[in-house]
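K.L.:
Next up, target.txt (compact mmCIF, C-alpha atoms).
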# COMPACT_ATOMS: atom_id res chain seq x y z
CA MET A 18 11.48 -8.26 -3.75
CA GLU A 19 11.60 -11.01 -6.40
CA PRO A 20 14.72 -13.20 -6.57
CA THR A 21 17.10 -12.39 -9.42
CA ARG A 22 16.74 -14.76 -12.34
CA PRO A 23 20.07 -16.40 -13.26
CA ALA A 24 21.69 -15.21 -16.47
CA LEU A 25 21.08 -17.34 -19.52
CA PRO A 26 23.94 -19.76 -20.20
CA THR A 27 26.06 -19.22 -23.32
CA TYR A 28 28.18 -21.29 -25.67
CA ASP A 29 31.20 -20.48 -23.48
CA ASP A 30 29.36 -22.16 -20.60
CA VAL A 31 28.92 -25.28 -22.74
CA LEU A 32 32.67 -25.26 -23.46
CA GLY A 33 33.38 -24.88 -19.74
CA ALA A 34 31.09 -27.82 -19.00
CA ALA A 35 32.93 -29.92 -21.58
CA ARG A 36 36.22 -29.25 -19.80
CA ARG A 37 34.75 -30.26 -16.42
CA LEU A 38 33.24 -33.43 -17.87
CA GLN A 39 36.35 -34.53 -19.73
CA GLY A 40 37.46 -37.89 -18.38
CA ILE A 41 34.33 -38.09 -16.18
CA ALA A 42 31.42 -38.39 -18.62
CA HIS A 43 31.58 -40.85 -21.49
CA ARG A 44 32.10 -39.41 -24.96
CA THR A 45 29.24 -41.48 -26.29
CA PRO A 46 29.44 -43.07 -29.75
CA VAL A 47 27.70 -41.83 -32.88
CA LEU A 48 26.12 -44.83 -34.60
CA ARG A 49 24.70 -45.29 -38.10
CA SER A 50 21.92 -47.46 -39.53
CA SER A 51 21.56 -48.19 -43.24
CA THR A 52 17.94 -49.19 -42.58
CA ALA A 53 17.17 -45.80 -41.03
CA ASP A 54 18.94 -44.06 -43.89
CA GLU A 55 16.82 -45.96 -46.42
CA ARG A 56 13.58 -45.26 -44.56
CA LEU A 57 14.14 -41.52 -44.49
CA GLY A 58 16.24 -41.15 -47.64
CA ALA A 59 18.80 -39.32 -45.50
CA GLN A 60 22.03 -39.90 -43.62
CA LEU A 61 21.23 -40.34 -39.92
CA PHE A 62 23.76 -39.98 -37.11
CA PHE A 63 22.60 -41.30 -33.72
CA LYS A 64 24.26 -39.73 -30.66
CA CYS A 65 23.85 -42.59 -28.18
CA GLU A 66 23.34 -41.03 -24.75
CA ASN A 67 21.66 -44.27 -23.69
CA LEU A 68 25.29 -45.41 -23.31
CA GLN A 69 26.19 -42.48 -21.05
CA ARG A 70 27.01 -43.04 -17.37
CA MET A 71 23.81 -43.97 -15.49
CA GLY A 72 22.18 -44.49 -18.90
CA ALA A 73 21.19 -40.97 -19.97
CA PHE A 74 22.41 -37.51 -20.96
CA LYS A 75 21.31 -36.18 -17.56
CA PHE A 76 24.68 -37.09 -16.05
CA ARG A 77 26.27 -34.25 -18.00
CA GLY A 78 24.19 -31.48 -16.46
CA ALA A 79 24.12 -32.99 -12.98
CA TYR A 80 27.88 -33.39 -12.66
CA ASN A 81 28.58 -29.99 -14.22
CA THR A 82 26.32 -28.41 -11.57
CA LEU A 83 27.51 -30.31 -8.53
CA VAL A 84 31.23 -29.98 -9.28
CA GLN A 85 30.86 -26.18 -9.11
CA LEU A 86 29.43 -26.17 -5.56
CA ASP A 87 31.66 -24.82 -2.78
CA ALA A 88 32.89 -26.88 0.19
CA ALA A 89 30.09 -25.77 2.53
CA GLN A 90 27.41 -26.61 -0.02
CA ARG A 91 28.95 -30.00 -0.71
CA GLU A 92 28.93 -30.80 2.99
CA ARG A 93 25.22 -29.97 3.30
CA GLY A 94 24.42 -31.90 0.14
CA VAL A 95 21.96 -31.63 -2.71
CA LEU A 96 18.27 -32.23 -3.24
CA ALA A 97 16.56 -32.83 -6.58
CA PHE A 98 13.16 -33.78 -7.96
CA SER A 99 12.89 -36.15 -10.90
CA SER A 100 10.90 -38.96 -12.49
CA GLY A 101 14.09 -40.95 -12.87
CA ASN A 102 17.07 -39.95 -14.98
CA HIS A 103 17.89 -36.64 -13.28
CA ALA A 104 17.46 -38.52 -9.99
CA GLN A 105 20.07 -41.10 -10.97
CA ALA A 106 22.35 -38.45 -12.43
CA ILE A 107 22.33 -36.38 -9.24
CA ALA A 108 22.73 -39.48 -7.08
CA LEU A 109 25.75 -40.73 -9.07
CA SER A 110 27.36 -37.28 -9.31
CA ALA A 111 26.91 -36.77 -5.56
CA ARG A 112 28.53 -40.15 -4.88
CA LEU A 113 31.50 -39.28 -7.13
CA LEU A 114 31.90 -35.97 -5.29
CA ASP A 115 31.28 -37.48 -1.83
CA MET A 116 28.11 -35.49 -1.11
CA PRO A 117 24.79 -36.48 0.49
CA ALA A 118 21.78 -36.45 -1.85
CA VAL A 119 18.00 -36.57 -1.41
CA ILE A 120 15.74 -37.18 -4.42
CA VAL A 121 12.01 -36.46 -4.57
CA MET A 122 10.52 -39.01 -7.02
CA PRO A 123 6.95 -39.85 -8.09
CA GLU A 124 5.69 -43.00 -6.43
CA ASP A 125 4.91 -44.45 -9.89
CA ALA A 126 8.41 -43.83 -11.27
CA PRO A 127 9.90 -46.85 -13.08
CA ALA A 128 11.07 -49.28 -10.41
CA SER A 129 14.48 -49.69 -12.07
CA LYS A 130 15.11 -45.93 -11.93
CA MET A 131 14.10 -45.72 -8.28
CA ALA A 132 16.24 -48.73 -7.38
CA ALA A 133 19.27 -47.33 -9.22
CA THR A 134 18.87 -43.96 -7.49
CA ARG A 135 18.99 -45.69 -4.10
CA GLU A 136 21.89 -47.90 -5.17
CA TYR A 137 23.91 -44.78 -6.03
CA GLY A 138 23.49 -43.79 -2.38
CA ALA A 139 20.70 -41.21 -2.44
CA GLN A 140 17.72 -41.07 -0.09
CA VAL A 141 14.43 -41.23 -2.04
CA VAL A 142 11.28 -39.37 -0.93
CA THR A 143 8.15 -40.27 -2.94
CA TYR A 144 5.05 -38.24 -3.86
CA ASP A 145 1.87 -38.54 -5.95
CA ARG A 146 2.67 -36.84 -9.29
CA PHE A 147 -1.01 -36.29 -10.15
CA ASN A 148 -2.07 -34.70 -6.83
CA GLU A 149 1.05 -33.21 -5.21
CA ASP A 150 3.46 -30.44 -6.22
CA ARG A 151 6.98 -31.87 -6.43
CA GLU A 152 8.61 -28.47 -6.54
CA ALA A 153 6.84 -27.29 -3.38
CA ILE A 154 7.81 -30.50 -1.59
CA SER A 155 11.41 -30.12 -2.75
CA ARG A 156 11.70 -26.45 -1.75
CA ARG A 157 10.37 -27.26 1.72
CA LEU A 158 12.73 -30.20 2.25
CA ALA A 159 15.74 -28.28 0.92
CA ALA A 160 15.01 -25.37 3.29
CA GLU A 161 14.51 -27.70 6.26
CA ARG A 162 17.77 -29.57 5.61
CA GLY A 163 19.90 -26.70 4.29
CA MET A 164 20.53 -28.56 1.04
CA VAL A 165 21.15 -27.10 -2.42
CA LEU A 166 18.14 -27.61 -4.70
CA VAL A 167 19.16 -28.67 -8.23
CA PRO A 168 16.21 -28.57 -10.65
CA PRO A 169 16.08 -31.06 -13.53
CA PHE A 170 16.31 -28.55 -16.37
CA ASP A 171 15.87 -24.88 -15.47
CA HIS A 172 19.40 -24.15 -14.24
CA PRO A 173 22.25 -22.56 -16.23
CA HIS A 174 24.83 -25.20 -15.24
CA VAL A 175 22.41 -28.04 -16.03
CA ILE A 176 21.63 -26.56 -19.46
CA ALA A 177 25.32 -26.01 -20.24
CA GLY A 178 26.16 -29.58 -19.26
CA GLN A 179 23.42 -31.05 -21.43
CA GLY A 180 24.67 -28.98 -24.36
CA THR A 181 27.90 -30.97 -24.40
CA ALA A 182 26.01 -33.86 -26.06
CA ALA A 183 25.43 -31.73 -29.17
CA LEU A 184 28.90 -30.22 -28.87
CA GLU A 185 30.44 -33.68 -29.22
CA LEU A 186 28.07 -34.73 -31.99
CA LEU A 187 28.76 -31.60 -34.05
CA GLN A 188 32.51 -31.99 -33.53
CA ASP A 189 32.34 -35.62 -34.67
CA VAL A 190 29.87 -35.02 -37.50
CA PRO A 191 30.19 -31.50 -38.93
CA GLY A 192 27.77 -30.18 -41.51
CA LEU A 193 24.49 -31.49 -40.11
CA ASP A 194 21.38 -30.13 -41.81
CA TYR A 195 18.98 -31.15 -39.03
CA LEU A 196 19.28 -32.10 -35.36
CA PHE A 197 16.34 -33.77 -33.60
CA VAL A 198 16.30 -33.61 -29.81
CA CYS A 199 13.83 -34.97 -27.25
CA LEU A 200 11.94 -32.34 -25.30
CA GLY A 201 10.55 -32.42 -21.77
CA GLY A 202 11.42 -29.36 -19.70
CA GLY A 203 13.88 -28.21 -22.34
CA GLY A 204 17.27 -28.59 -20.66
CA LEU A 205 18.72 -30.84 -23.35
CA LEU A 206 17.16 -28.92 -26.24
CA SER A 207 18.25 -25.51 -24.98
CA GLY A 208 21.81 -26.73 -24.35
CA CYS A 209 21.95 -28.31 -27.82
CA LEU A 210 20.69 -25.06 -29.34
CA LEU A 211 23.57 -23.14 -27.74
CA ALA A 212 26.09 -25.60 -29.20
CA ALA A 213 24.49 -25.70 -32.63
CA GLN A 214 24.21 -21.92 -32.88
CA HIS A 215 28.01 -21.69 -32.85
CA LEU A 216 29.15 -24.94 -34.44
CA ALA A 217 26.46 -25.36 -37.11
CA PRO A 218 24.46 -22.14 -37.46
CA SER A 219 22.63 -23.39 -40.56
CA CYS A 220 21.54 -26.62 -38.84
CA LYS A 221 17.80 -26.74 -38.17
CA VAL A 222 17.32 -27.92 -34.56
CA VAL A 223 13.92 -29.53 -33.90
CA GLY A 224 12.49 -30.43 -30.49
CA VAL A 225 10.25 -33.51 -30.20
CA GLU A 226 7.56 -33.77 -27.51
CA PRO A 227 5.00 -36.47 -26.71
CA GLU A 228 1.66 -35.71 -28.36
CA ALA A 229 -0.04 -35.72 -24.96
CA GLY A 230 2.52 -33.34 -23.44
CA ASN A 231 3.10 -30.53 -25.93
CA ASP A 232 3.58 -27.75 -23.38
CA VAL A 233 6.53 -26.23 -25.25
CA GLN A 234 4.72 -26.31 -28.59
CA GLN A 235 1.75 -24.56 -26.97
CA SER A 236 4.07 -22.07 -25.27
CA LEU A 237 5.76 -21.17 -28.56
CA GLN A 238 2.39 -20.66 -30.22
CA ALA A 239 1.15 -18.49 -27.35
CA GLY A 240 4.39 -16.50 -27.06
CA HIS A 241 4.62 -17.20 -23.32
CA ILE A 242 4.97 -20.20 -21.00
CA VAL A 243 1.84 -22.35 -20.96
CA HIS A 244 1.16 -24.82 -18.13
CA ILE A 245 -0.65 -28.08 -18.85
CA PRO A 246 -1.87 -30.95 -16.61
CA THR A 247 0.60 -33.78 -16.09
CA PRO A 248 0.47 -35.62 -19.42
CA HIS A 249 -0.30 -39.33 -19.69
CA THR A 250 2.41 -40.76 -21.94
CA ILE A 251 4.83 -43.67 -21.92
CA ALA A 252 7.64 -41.08 -22.27
CA ASP A 253 7.95 -40.68 -18.50
CA GLY A 254 11.00 -38.42 -18.83
CA ALA A 255 8.94 -35.89 -20.80
CA GLN A 256 5.94 -35.56 -18.52
CA SER A 257 6.73 -31.93 -17.76
CA GLN A 258 3.86 -29.47 -17.33
CA ALA A 259 5.73 -26.40 -18.61
CA PRO A 260 9.17 -25.41 -19.89
CA GLY A 261 11.49 -23.52 -17.55
CA THR A 262 11.97 -19.76 -17.77
CA LEU A 263 15.61 -20.18 -18.84
CA THR A 264 15.00 -23.06 -21.22
CA PHE A 265 12.02 -21.38 -22.86
CA ALA A 266 13.94 -18.15 -23.41
CA ILE A 267 16.63 -20.06 -25.34
CA ILE A 268 14.18 -22.31 -27.22
CA GLN A 269 11.97 -19.39 -28.23
CA ARG A 270 14.97 -17.56 -29.68
CA LEU A 271 16.81 -20.38 -31.44
CA VAL A 272 14.65 -23.43 -32.19
CA HIS A 273 13.64 -24.21 -35.77
CA GLY A 274 10.45 -25.91 -34.62
CA VAL A 275 8.79 -28.37 -32.25
CA VAL A 276 6.93 -31.49 -33.40
CA THR A 277 5.00 -34.13 -31.49
CA VAL A 278 4.72 -37.92 -31.74
CA ALA A 279 2.17 -40.39 -30.44
CA ASP A 280 2.99 -43.15 -27.96
CA ALA A 281 2.37 -45.75 -30.70
CA GLN A 282 5.09 -44.11 -32.79
CA LEU A 283 7.45 -44.26 -29.81
CA VAL A 284 6.81 -48.00 -29.50
CA GLN A 285 7.66 -48.42 -33.19
CA ALA A 286 10.91 -46.52 -32.59
CA LEU A 287 11.76 -48.72 -29.58
CA ARG A 288 11.33 -51.81 -31.75
CA PHE A 289 13.52 -50.31 -34.46
CA PHE A 290 16.34 -49.65 -31.99
CA ALA A 291 16.06 -53.16 -30.53
CA GLU A 292 15.74 -55.04 -33.81
CA ARG A 293 17.98 -53.04 -36.12
CA MET A 294 20.53 -51.31 -33.90
CA LYS A 295 20.61 -53.80 -31.00
CA MET A 296 20.07 -51.01 -28.47
CA VAL A 297 17.87 -50.72 -25.39
CA VAL A 298 16.25 -47.27 -25.53
CA GLU A 299 13.62 -45.89 -23.17
CA PRO A 300 10.46 -44.27 -24.61
CA THR A 301 11.69 -40.72 -23.95
CA GLY A 302 14.98 -41.65 -25.59
CA ALA A 303 13.11 -42.61 -28.75
CA LEU A 304 11.35 -39.26 -29.13
CA ALA A 305 13.95 -37.70 -31.41
CA PHE A 306 14.04 -40.57 -33.91
CA ALA A 307 10.25 -40.87 -33.93
CA GLY A 308 10.12 -37.12 -34.58
CA ALA A 309 12.55 -37.42 -37.48
CA GLU A 310 10.45 -40.21 -38.97
CA HIS A 311 7.11 -38.44 -38.59
CA THR A 312 8.02 -34.74 -38.76
CA GLY A 313 6.53 -34.22 -42.19
CA ALA A 314 9.67 -32.34 -43.26
CA ASP A 315 11.43 -33.51 -46.40
CA LEU A 316 14.70 -34.95 -45.10
CA ARG A 317 15.74 -36.60 -48.36
CA GLY A 318 19.45 -36.13 -48.96
CA ALA A 319 19.94 -34.39 -45.60
CA ARG A 320 22.50 -35.11 -42.90
CA VAL A 321 20.39 -35.63 -39.78
CA GLY A 322 21.56 -35.83 -36.17
CA VAL A 323 19.39 -37.70 -33.66
CA VAL A 324 20.04 -37.54 -29.92
CA VAL A 325 19.09 -40.86 -28.32
CA SER A 326 18.67 -39.41 -24.86
CA GLY A 327 18.47 -42.45 -22.57
CA GLY A 328 18.07 -46.18 -22.08
CA ASN A 329 16.69 -46.60 -18.57
CA VAL A 330 13.53 -48.67 -18.74
CA ASP A 331 12.07 -51.44 -16.59
CA LEU A 332 12.69 -54.70 -18.43
CA PRO A 333 9.15 -56.11 -17.88
CA ARG A 334 7.68 -52.82 -19.20
CA TYR A 335 10.15 -52.83 -22.08
CA ALA A 336 9.20 -56.41 -22.97
CA ARG A 337 5.52 -55.39 -23.13
CA PHE A 338 6.38 -52.52 -25.50
CA LEU A 339 8.21 -54.90 -27.82
CA ALA A 340 5.50 -57.58 -27.63
CA ASP A 341 2.43 -55.38 -28.22
Could you write out this file's structure as structure tokens?
P.N.:
Amino acid sequence: MEPTRPALPTYDDVLGAARRLQGIAHRTPVLRSSTADERLGAQLFFKCENLQRMGAFKFRGAYNTLVQLDAAQRERGVLAFSSGNHAQAIALSARLLDMPAVIVMPEDAPASKMAATREYGAQVVTYDRFNEDREAISRRLAAERGMVLVPPFDHPHVIAGQGTAALELLQDVPGLDYLFVCLGGGGLLSGCLLAAQHLAPSCKVVGVEPEAGNDVQQSLQAGHIVHIPTPHTIADGAQSQAPGTLTFAIIQRLVHGVVTVADAQLVQALRFFAERMKMVVEPTGALAFAGAEHTGADLRGARVGVVVSGGNVDLPRYARFLAD
């Protein structure tokens, strides 16, 4: 007998997540750039999740999930798999809630992300992302240790938590015509779609994937989930091989479209954030802005939201991006 698939989260779940996160997560600022406005001939509104706790939007979904666990589950602890930001988010949330945490991370994950995960108190177990199955490793460890497995995107509480980023943006900046959102496994995009559907139903929400990792774009074209090899891209937070069943169901129903950008375009976006907005942004965090710049859509005169999803990058690696 197959396990029952969780129900899809709703806008009410996003509202519930916002209540749980109030006073815990940062209400991140929405910043403007006259240079960006001039480049695109539009009004851009940057939702700066690089300034969120632990440096990325992932804290929202992680805390919203862990805070709903019962006492017995909290005592046994949580296990997650992640290339970095979900790892740090789970580790920090577990520390805040006094729970043990184990994180399965690729051995080539950015050193700063791995170090931060350990500093938040989690145990890190490494694997080879190109030759080993992180989900199989995680399921085995969770079963052996009796821990709750919290996936990085395909979980209703995770999706609802991530949706609070768009909820805040659309409350602060009503009347957006477009919203660009980075896209890996689809947790952030699907949560943002739930918020936008209710707060700005005419807003066109666009997901942005790395050119080398367009699994969601391929899945939408095929009409079903498509699996791809682990993509080689500097956007390490978007190296997913397929969208989740929950995230894809929401994206397929609500998204306006999905576009892709090349790594070189991400580097250009990183330089823009550093030079013009004085912000450290990781490559995955630059996907949405790069997508807005290179989407091909006519954004002139539009009010455009851009979710800057994270700012966790190794400084030596970041310096190379800026110097190239």
K.L.:
Give me, please, the distance in Å between CA of Tyr28 (chain A) and CA of Asn81 (chain A), quoted to one decimal.
P.N.:
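Taking CA of Tyr28 (chain A) as the start and CA of Asn81 (chain A) as the end point, the length is 14.4 Å.
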K.L.:
Taking all atoms listed in the file into account, which of A:Ala340, A:Ala303, A:Val325, A:Val198 comes nearest Val276 (chain A)?
P.N.:
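When distances to Val276 (chain A) are compared using all atoms listed in the file, the smallest one comes from A:Val198.
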K.L.:
I'd like the neighbourhood of region 105-116 of chain A as a list in words, where a residue qualifies if any of its atoms comes within 6 Å (using all atoms listed in the file), though same-chain residues fewer than 3 positions away should be ignored.
P.N.:
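Surrounding residues, per the criterion: Lys75, Phe76, Ala79, Tyr80, Arg91, Gly94, Asn102, Thr134, Tyr137 and Ala139 of chain A.
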K.L.:
Work out how far CA of Ala286 (chain A) is from CA of Lys130 (chain A), in Å to one decimal.
P.N.:
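Taking CA of Lys130 (chain A) and CA of Ala286 (chain A), their separation equals 21.1 Å.
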K.L.:
Would you mind telling me which residue in A:Leu158, A:Leu206, A:Leu25, A:Ala212 lies nearest to Val141 (chain A) when using only C-alpha atoms?
P.N.:
A:Leu158
K.L.:
Which neighbours of region 173-190 of chain A fall inside 8 Å, counting only C-alpha atoms, when residues of the same chain fewer than 4 positions from it are skipped, and could you give them as a PDB file with C-alpha atoms, keeping the file's coordinate frame?
P.N.:
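Output (part12.pdb):
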ATOM      1  CA  PRO A  23      20.070 -16.400 -13.260  1.00  0.00           C
ATOM      2  CA  ALA A  24      21.690 -15.210 -16.470  1.00  0.00           C
ATOM      3  CA  LEU A  25      21.080 -17.340 -19.520  1.00  0.00           C
ATOM      4  CA  PRO A  26      23.940 -19.760 -20.200  1.00  0.00           C
ATOM      5  CA  THR A  27      26.060 -19.220 -23.320  1.00  0.00           C
ATOM      6  CA  TYR A  28      28.180 -21.290 -25.670  1.00  0.00           C
ATOM      7  CA  ASP A  30      29.360 -22.160 -20.600  1.00  0.00           C
ATOM      8  CA  VAL A  31      28.920 -25.280 -22.740  1.00  0.00           C
ATOM      9  CA  LEU A  32      32.670 -25.260 -23.460  1.00  0.00           C
ATOM     10  CA  ALA A  34      31.090 -27.820 -19.000  1.00  0.00           C
ATOM     11  CA  ALA A  35      32.930 -29.920 -21.580  1.00  0.00           C
ATOM     12  CA  ARG A  44      32.100 -39.410 -24.960  1.00  0.00           C
ATOM     13  CA  VAL A  47      27.700 -41.830 -32.880  1.00  0.00           C
ATOM     14  CA  PHE A  62      23.760 -39.980 -37.110  1.00  0.00           C
ATOM     15  CA  LYS A  64      24.260 -39.730 -30.660  1.00  0.00           C
ATOM     16  CA  GLU A  66      23.340 -41.030 -24.750  1.00  0.00           C
ATOM     17  CA  PHE A  74      22.410 -37.510 -20.960  1.00  0.00           C
ATOM     18  CA  LYS A  75      21.310 -36.180 -17.560  1.00  0.00           C
ATOM     19  CA  ARG A  77      26.270 -34.250 -18.000  1.00  0.00           C
ATOM     20  CA  GLY A  78      24.190 -31.480 -16.460  1.00  0.00           C
ATOM     21  CA  ALA A  79      24.120 -32.990 -12.980  1.00  0.00           C
ATOM     22  CA  TYR A  80      27.880 -33.390 -12.660  1.00  0.00           C
ATOM     23  CA  ASN A  81      28.580 -29.990 -14.220  1.00  0.00           C
ATOM     24  CA  THR A  82      26.320 -28.410 -11.570  1.00  0.00           C
ATOM     25  CA  PRO A 169      16.080 -31.060 -13.530  1.00  0.00           C
ATOM     26  CA  GLY A 204      17.270 -28.590 -20.660  1.00  0.00           C
ATOM     27  CA  LEU A 205      18.720 -30.840 -23.350  1.00  0.00           C
ATOM     28  CA  LEU A 206      17.160 -28.920 -26.240  1.00  0.00           C
ATOM     29  CA  SER A 207      18.250 -25.510 -24.980  1.00  0.00           C
ATOM     30  CA  GLY A 208      21.810 -26.730 -24.350  1.00  0.00           C
ATOM     31  CA  CYS A 209      21.950 -28.310 -27.820  1.00  0.00           C
ATOM     32  CA  LEU A 210      20.690 -25.060 -29.340  1.00  0.00           C
ATOM     33  CA  LEU A 211      23.570 -23.140 -27.740  1.00  0.00           C
ATOM     34  CA  ALA A 212      26.090 -25.600 -29.200  1.00  0.00           C
ATOM     35  CA  ALA A 213      24.490 -25.700 -32.630  1.00  0.00           C
ATOM     36  CA  LEU A 216      29.150 -24.940 -34.440  1.00  0.00           C
ATOM     37  CA  ALA A 217      26.460 -25.360 -37.110  1.00  0.00           C
ATOM     38  CA  LEU A 263      15.610 -20.180 -18.840  1.00  0.00           C
ATOM     39  CA  THR A 264      15.000 -23.060 -21.220  1.00  0.00           C
ATOM     40  CA  GLY A 322      21.560 -35.830 -36.170  1.00  0.00           C
ATOM     41  CA  VAL A 324      20.040 -37.540 -29.920  1.00  0.00           C
TER      42      VAL A 324
END
K.L.:
Give me the residues near Phe289 (chain A) as a ChimeraX atom specification, where near means some atom within 12 Å (using all atoms listed in the file) and where sequence neighbours in that chain fewer than 5 positions away do not count.
P.N.:
/A:50,52-53,56,282-284,294-298,300,303,306-307,310,338-339
K.L.:
So the first atom is CA of Leu61 (chain A) and the second is CA of Pro191 (chain A); what is the distance between them in Å, to one decimal place?
P.N.:
12.6 Å
K.L.:
Which neighbours of Ala309 (chain A) fall inside 10 Å, counting all atoms listed in the file, when residues of the same chain fewer than 6 positions from it are skipped, and could you give them as a PyMOL selection string?
P.N.:
chain A and resi 57+61+195-198+223-225+276+278+315-316+321-323
K.L.:
For the point (2.4, -31.8, -6.1) in the file's frame, write as a list in words all residues with an atom no more than 12 Å away, counting only C-alpha atoms.
P.N.:
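Output of the proximity query reads Phe98, Val121, Met122, Pro123, Glu124, Thr143, Tyr144, Asp145, Arg146, Phe147, Asn148, Glu149, Asp150, Arg151, Glu152, Ala153, Ile154, Ser155, Arg156, Pro246, Thr247 and Gln258 of chain A.
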K.L.:
Which residue out of A:Asp29, A:Asp331, A:Glu228, A:Gly302 has the minimum interatomic distance to Asn67 (chain A) when all atoms listed in the file are used?
P.N.:
A:Gly302
K.L.:
Using all atoms listed in the file and a cutoff of 8 Å, can you tell me which residues are near (24.3, -35.6, -44.9) in the file's coordinates, and write them out as a PDB file with C-alpha atoms, in the frame of the given file?
P.N.:
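Saved file selection.pdb follows:
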ATOM      1  CA  ALA A  59      18.800 -39.320 -45.500  1.00  0.00           C
ATOM      2  CA  GLN A  60      22.030 -39.900 -43.620  1.00  0.00           C
ATOM      3  CA  LEU A  61      21.230 -40.340 -39.920  1.00  0.00           C
ATOM      4  CA  GLY A 192      27.770 -30.180 -41.510  1.00  0.00           C
ATOM      5  CA  LEU A 193      24.490 -31.490 -40.110  1.00  0.00           C
ATOM      6  CA  ASP A 194      21.380 -30.130 -41.810  1.00  0.00           C
ATOM      7  CA  GLY A 318      19.450 -36.130 -48.960  1.00  0.00           C
ATOM      8  CA  ALA A 319      19.940 -34.390 -45.600  1.00  0.00           C
ATOM      9  CA  ARG A 320      22.500 -35.110 -42.900  1.00  0.00           C
ATOM     10  CA  VAL A 321      20.390 -35.630 -39.780  1.00  0.00           C
TER      11      VAL A 321
END
K.L.:
Can you work out which one of A:Ala132, A:Ala239, A:Val84, A:Phe290 has the shortest atom-to-atom distance to Arg49 (chain A), counting only C-alpha atoms?
P.N.:
A:Phe290
K.L.:
Using only C-alpha atoms, determine which residues lie at most 7 Å from Leu166 (chain A), disregarding the query and same-chain residues fewer than 5 positions distant; provide the list as a ChimeraX atom specification.
P.N.:
/A:95-97,159
